[in-house]
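Coordinates as given in my_file.txt (compact mmCIF, C-alpha atoms):
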```txt
# COMPACT_ATOMS: atom_id res chain seq x y z
CA CYS L 53 5.50 -11.07 -8.64
CA LYS L 54 2.48 -10.39 -10.77
CA ARG L 55 0.52 -7.20 -10.21
CA SER L 56 -3.06 -7.37 -9.02
CA ALA L 57 -5.92 -4.96 -8.40
CA ALA L 58 -4.62 -4.35 -4.89
CA PHE L 59 -1.20 -2.98 -4.17
CA PHE L 60 1.21 -5.33 -2.48
CA ILE L 61 4.70 -5.77 -1.19
CA GLY L 62 6.94 -7.51 -3.66
CA CYS L 63 9.99 -9.55 -2.94
CA THR L 64 13.55 -8.91 -3.92
CA GLN L 65 14.68 -12.38 -2.90
CA PRO L 66 12.00 -14.99 -3.67
CA GLU L 67 14.49 -17.77 -3.00
CA MET L 68 14.56 -16.52 0.61
CA GLY L 69 10.82 -17.03 1.05
CA CYS L 70 9.75 -13.58 -0.13
CA VAL L 71 10.63 -11.80 3.06
CA MET L 72 12.49 -8.86 1.57
CA PRO L 73 10.06 -6.04 0.64
CA ASN L 74 10.66 -3.96 -2.47
CA LEU L 75 7.86 -1.40 -2.49
CA SER L 76 9.39 0.75 -5.21
CA LYS L 77 8.78 -2.00 -7.79
CA THR L 78 5.42 -3.35 -6.65
CA PHE L 79 3.50 -0.57 -4.90
CA ASP L 80 0.51 0.52 -6.99
CA PRO L 81 -0.47 4.09 -6.05
CA ASN L 82 -3.68 3.91 -8.09
CA ALA L 83 -4.87 0.96 -6.04
CA LEU L 84 -4.38 2.89 -2.80
CA ARG L 85 -6.56 5.68 -4.17
CA PHE L 86 -9.14 3.15 -5.42
CA TRP L 87 -9.46 1.35 -2.06
CA ARG L 88 -9.48 4.63 -0.09
CA ARG L 89 -12.31 5.97 -2.20
CA SER L 90 -14.19 2.66 -2.05
CA VAL L 91 -14.62 3.12 1.71
CA ASN L 92 -15.43 6.83 1.28
CA LEU L 93 -12.41 8.19 3.15
CA THR L 94 -10.46 11.34 2.37
CA GLN L 95 -6.68 11.42 2.40
CA GLY L 96 -6.93 13.42 5.63
CA GLN L 97 -9.10 10.80 7.31
CA VAL L 98 -6.73 8.00 6.35
CA ALA L 99 -3.74 10.06 7.50
CA LEU L 100 -5.39 10.72 10.87
CA LYS L 101 -6.19 7.04 11.40
CA LEU L 102 -2.68 6.04 10.29
CA GLY L 103 -0.94 8.70 12.37
CA THR L 104 0.77 10.41 9.46
CA ALA L 105 0.40 13.61 7.46
CA THR L 106 -2.16 14.08 4.70
CA SER L 107 0.72 15.05 2.43
CA GLN L 108 2.24 11.59 2.97
CA ILE L 109 -0.91 9.88 1.70
CA SER L 110 -0.85 12.21 -1.29
CA LEU L 111 2.77 11.28 -2.03
CA TRP L 112 1.89 7.57 -1.88
CA GLU L 113 -1.09 8.00 -4.20
CA ARG L 114 1.04 9.93 -6.70
CA GLY L 115 3.78 7.31 -6.57
CA LEU L 116 6.38 9.73 -5.22
CA ALA L 117 6.91 7.76 -1.99
CA HIS L 118 6.03 4.33 -0.61
CA PRO L 119 4.60 3.27 2.76
CA LYS L 120 6.66 1.17 5.13
CA PRO L 121 5.55 -2.45 5.57
CA GLU L 122 4.04 -1.69 9.00
CA GLN L 123 2.06 1.18 7.45
CA VAL L 124 0.75 -1.19 4.78
CA LYS L 125 -0.61 -3.46 7.54
CA LYS L 126 -2.40 -0.50 9.14
CA LEU L 127 -3.76 0.55 5.76
CA GLU L 128 -5.20 -2.94 5.29
CA THR L 129 -7.19 -2.49 8.48
CA ILE L 130 -8.26 1.09 7.74
CA LEU L 131 -9.33 0.31 4.18
CA LYS L 132 -10.92 -3.02 5.16
CA VAL L 133 -8.83 -4.93 2.63
CA PRO L 134 -7.97 -8.53 3.67
CA SER L 135 -4.43 -8.33 2.35
CA LEU L 136 -2.35 -5.76 0.54
CA VAL L 137 0.62 -8.09 0.65
CA ARG L 138 1.24 -10.57 -2.11
CA ARG L 139 3.97 -13.15 -1.93
CA CYS L 140 6.16 -13.97 -4.91
CA GLU L 141 5.47 -17.33 -6.47
```

Could you take the file, read its structure, and then write that structure out as structure tokens?
Amino acid sequence: CKRSAAFFIGCTQPEMGCVMPNLSKTFDPNALRFWRRSVNLTQGQVALKLGTATSQISLWERGLAHPKPEQVKKLETILKVPSLVRRCE
């Protein structure tokens, strides 16, 4: 997968239709921070809306951890981003 301005879920098995997520290789922590700031939300506000700890958002933004696919979907809604998932080509 190619990287883009938004972070996305990559695929470990493109021959299987890109259904296997591999966040450690394709998650862009800087993009999470960019999109969060673009809608004027703090880490705490995003954490509250997502139902997780502020420290978890901080870990994601520093690249020390990665959100689960279901958390990515919720982040898309919270950050008003059409899609944070990109399929392998």

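Note that the spacing between CA of Pro81 (chain L) and CA of Ala117 (chain L) amounts to 9.2 Å.
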
Give as a ChimeraX atom specification the set of residues within 12 Å of the point (-8.1, -1.3, 6.4), where distances use the file's coordinates and all atoms listed in the file. /L:84,87-88,90-91,93,98,101-102,123-136

Contacts of Ile109 (chain L) at 10 Å or less, counting only C-alpha atoms, minus same-chain residues fewer than 4 places along, as a list in words? Pro81, Leu84, Arg85, Thr94, Gln95, Gly96, Gln97, Val98, Ala99, Leu102, Thr104, Ala105, Glu113, Arg114, Gly115, Ala117, His118 and Pro119 of chain L

As lines of an AutoDock Vina configuration file, please: the centre and edge lengths in Å, to one decimal, of an axis-aligned box enclosing every listed atom of region 114-131 of chain L with 6 Å added on each side.
```
center_x = -1.2
center_y = 3.2
center_z = 1.2
size_x = 28.2
size_y = 25.4
size_z = 27.8
```
